[in-house]
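Enquirer: So that we are looking at the same thing, I have put the structure below in structure tokens.
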Amino acid sequence: MNEPRTTETLVRRTLRAHDGGPVDVDTVLDRFERTLDGDVIVPLRTEAPRRRPRSALIAAAAAAAIVLVAGLAIASVADDDEGGTRTATSPEAGTGFFVPTELPPGWTLSRIETEPVDLEADRTCPCTIRRWTDPSSDLVLDSFEAADLGDYPPMPASSSETLRPGEEIEVWSDGPDPHQVVRIFDADWAMSVSGEPVGTALQYPIAVHDGTFDPEARELEADEPVTITEPTTFQRVTVVFDTPTGQADYTLVRPGLGDARGTFQGAPAGPVPGGPLYERPASGTHAAMLSGVWNGADIVLGENPDGTEASLTDLRTLAASLRPASAATWEAFVRTAPTTEVEELVDRAVAPTIADLTEG
Amino acid sequence: MGAVRSAEADVDRQRAAARELYRREAAPLVRLATVLVGNRSIAEELVNQAFVKVYPRLGGLERPGGYLRTTVVNLATSYWRREAVAARHAVPDERVEPEPALPADVSEMWSALQRLSDRQREALVLRYYLDLPDDQIAEHLGVRPATVRSLVSRGLTALEKELTR
């Protein structure tokens with residue numbers, strides 16, 4: 001049994017000292033009764049309009065999409081149902097929201113939930129996150145700069161590599177060639193490279209470090225850099241379906257914060273409309289999982305939020321059904337979630353783009 | 001006429017049930033809301049709103065107490081979000097009441113708690129004020145138990161960092 005930390009004891013004392021003490025229940029009960037009788041107009045400080053008017057929402061979505069996906073502005077994102085091609089100028093491009101279409105009979109929406117992700121922001125930011133991808137999104141470079149990365153990352157390096165003569169850096173790598181993720185850390189800078197073996201992956205951080213990195217020459221597209229100037233918590237959104245064989249889920253989070261391919265080894269999956277995916281079949285220790293870097297969001301399917309393992313077949317079916325959605329379409333989808341607190345869910349899960357889902 | 005009397009009796013029964021629930025739950029909820037928003041009168045307002053929201057559904061709730069608590073936490077979160085917006089527009093902060101004389105370490109800790117993210121603060125309040133287990137905190141916050149552990153751990157670390165500055 002661990003001894004409670006001094007901080008825990010002090011937090012407990014502090015909270016108890018600030019609960020205001022005894023409550024006059026009759027007074028507050030009277031207020032409640034008068035509210036029910038219509039004698040008191042509840043000052044709805046906390047019930048102000050939860051969302052901007054639809055027109056403002058759409059306008060903000062368009063504006064945000066222009067800013068946030070500038071680097072992808074000319075990329076087409078997906079074929080629509082009629083076989084045409086949507087471009088980044090369409091309202092759904094780059095929002096980072098994806099909704100399912102035409103799921104098989106027997107699939108029903110179980111729930112939609114959000115989860116805060118602060119990605120070390122409360123410890124290491126102000127920081128700047130940059131991302132470059134090749135047109136197929138097979139190669140993804142994520143750069144993370146901060147004044148002081150502190151003790152990040154919290155795991156030992158797998159090897160040490162020579163950045164240049166006399167200067168060695170620590171390297172973290174997961175998985176066999178060629179789909180491993182390489183992470184390289186310095187005191188104030190971290191970079192992860194996925195889609196290249198260690199030997200060739202190193203060229204990218206070396207070039208960035210030396211100031212010779214030329215994305216255009218390498219036919220890489222750059223996302224707009226994201227600068228976080230204060231502690232910020234982002235929301236990732238998970239959608240869970242009940243299927244005839246169990247459950248299947250997908251999770252969306254703003255680009256660069258999902259570590260979409262960093263969590264497992266995977267091989268390229270079959271093509272789906274949303275974008276490229278990597279997949280890992282279930283094994284004795286791991287559930288089946290798919291993940292990828294899509295337009296406007298990182299996506300993972302099969303994280304089993306409740307520990308229920310989804311079948312790879314169900315995950316592939318779900319992945320194939322996902323299409324980019326405008327903010328308005330996403331909100332309409334969120335409102336179909338079977339919950340009694342739909343307004344609270346909309347509050348947490350709806351914004352012009354997934355990158356705008358922040359709290360705090 | 002019989003149908004009208006029956007409907008009136010239903011309303012009376014629902015009001016009586018609400019009154020009983022209020023008497024049982026209001027005091028701890030007001031204290032919880034006070035810890036969450038730092039102001040008793042706003043806390044009472046939030047609890048009142050929570051009861052008004054829950055009232056029409058009272059008959060169908062298995063655990064109205066837990067539902068009310070979640071509603072209060074959500075309303076407190078919404079309150080802080082709006083306060084943050086108001087602060088950006090330089091509205092004077094009338095929320096803070098004069099603090100009673102407290103030991104310096106308690107006052108410093110209270111200030112540090114206000115600088116945490118909403119979610120970290122809520123997780124710490126539910127853990128250390130209500131002594132709830134991870135799974136119940138997760139239910140109230142709408143996250144997974146693993147996230148609760150992360151929020152609490154990071155919250156404590158942030159507090160320690162603040163207090164050693």
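For the structure tokens, the naming scheme is as follows: chains receive sequential letters (A, B, ...) according to their order of presentation, residues are indexed from 1 within each chain, and ligands are indexed from 1 in presentation order.
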Show me, as an NGL selection string, the residues of chain A whose atoms get within 7 Å of chain B, using only C-alpha atoms for the distance check.
Expert: :A and (7 or 10-12 or 14-16 or 18-20 or 23 or 25 or 28-29 or 32 or 46 or 113-115 or 360)
Enquirer: Please, which residues of chain B, numbered as in this document, come out alpha helix (DSSP H) from DSSP, as an MDAnalysis selection string?
Expert: chainID B and resid 2:37 40:54 64:88 104:114 118:124 134:141 145:163
Enquirer: Find the residue from B:Val73, B:Leu61, B:Val54, B:Ala17 that sits nearest to Ala123 (chain B); use only C-alpha atoms when measuring.
Expert: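 Looking only at the distances to Ala123 (chain B), the closest residue turns out to be B:Val73.
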Enquirer: If I take CA of Arg280 (chain A) and CA of Thr101 (chain A), how far is one from the other in Å, to one decimal?
Expert: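 Computing it gives 23.6 Å between the two atoms.
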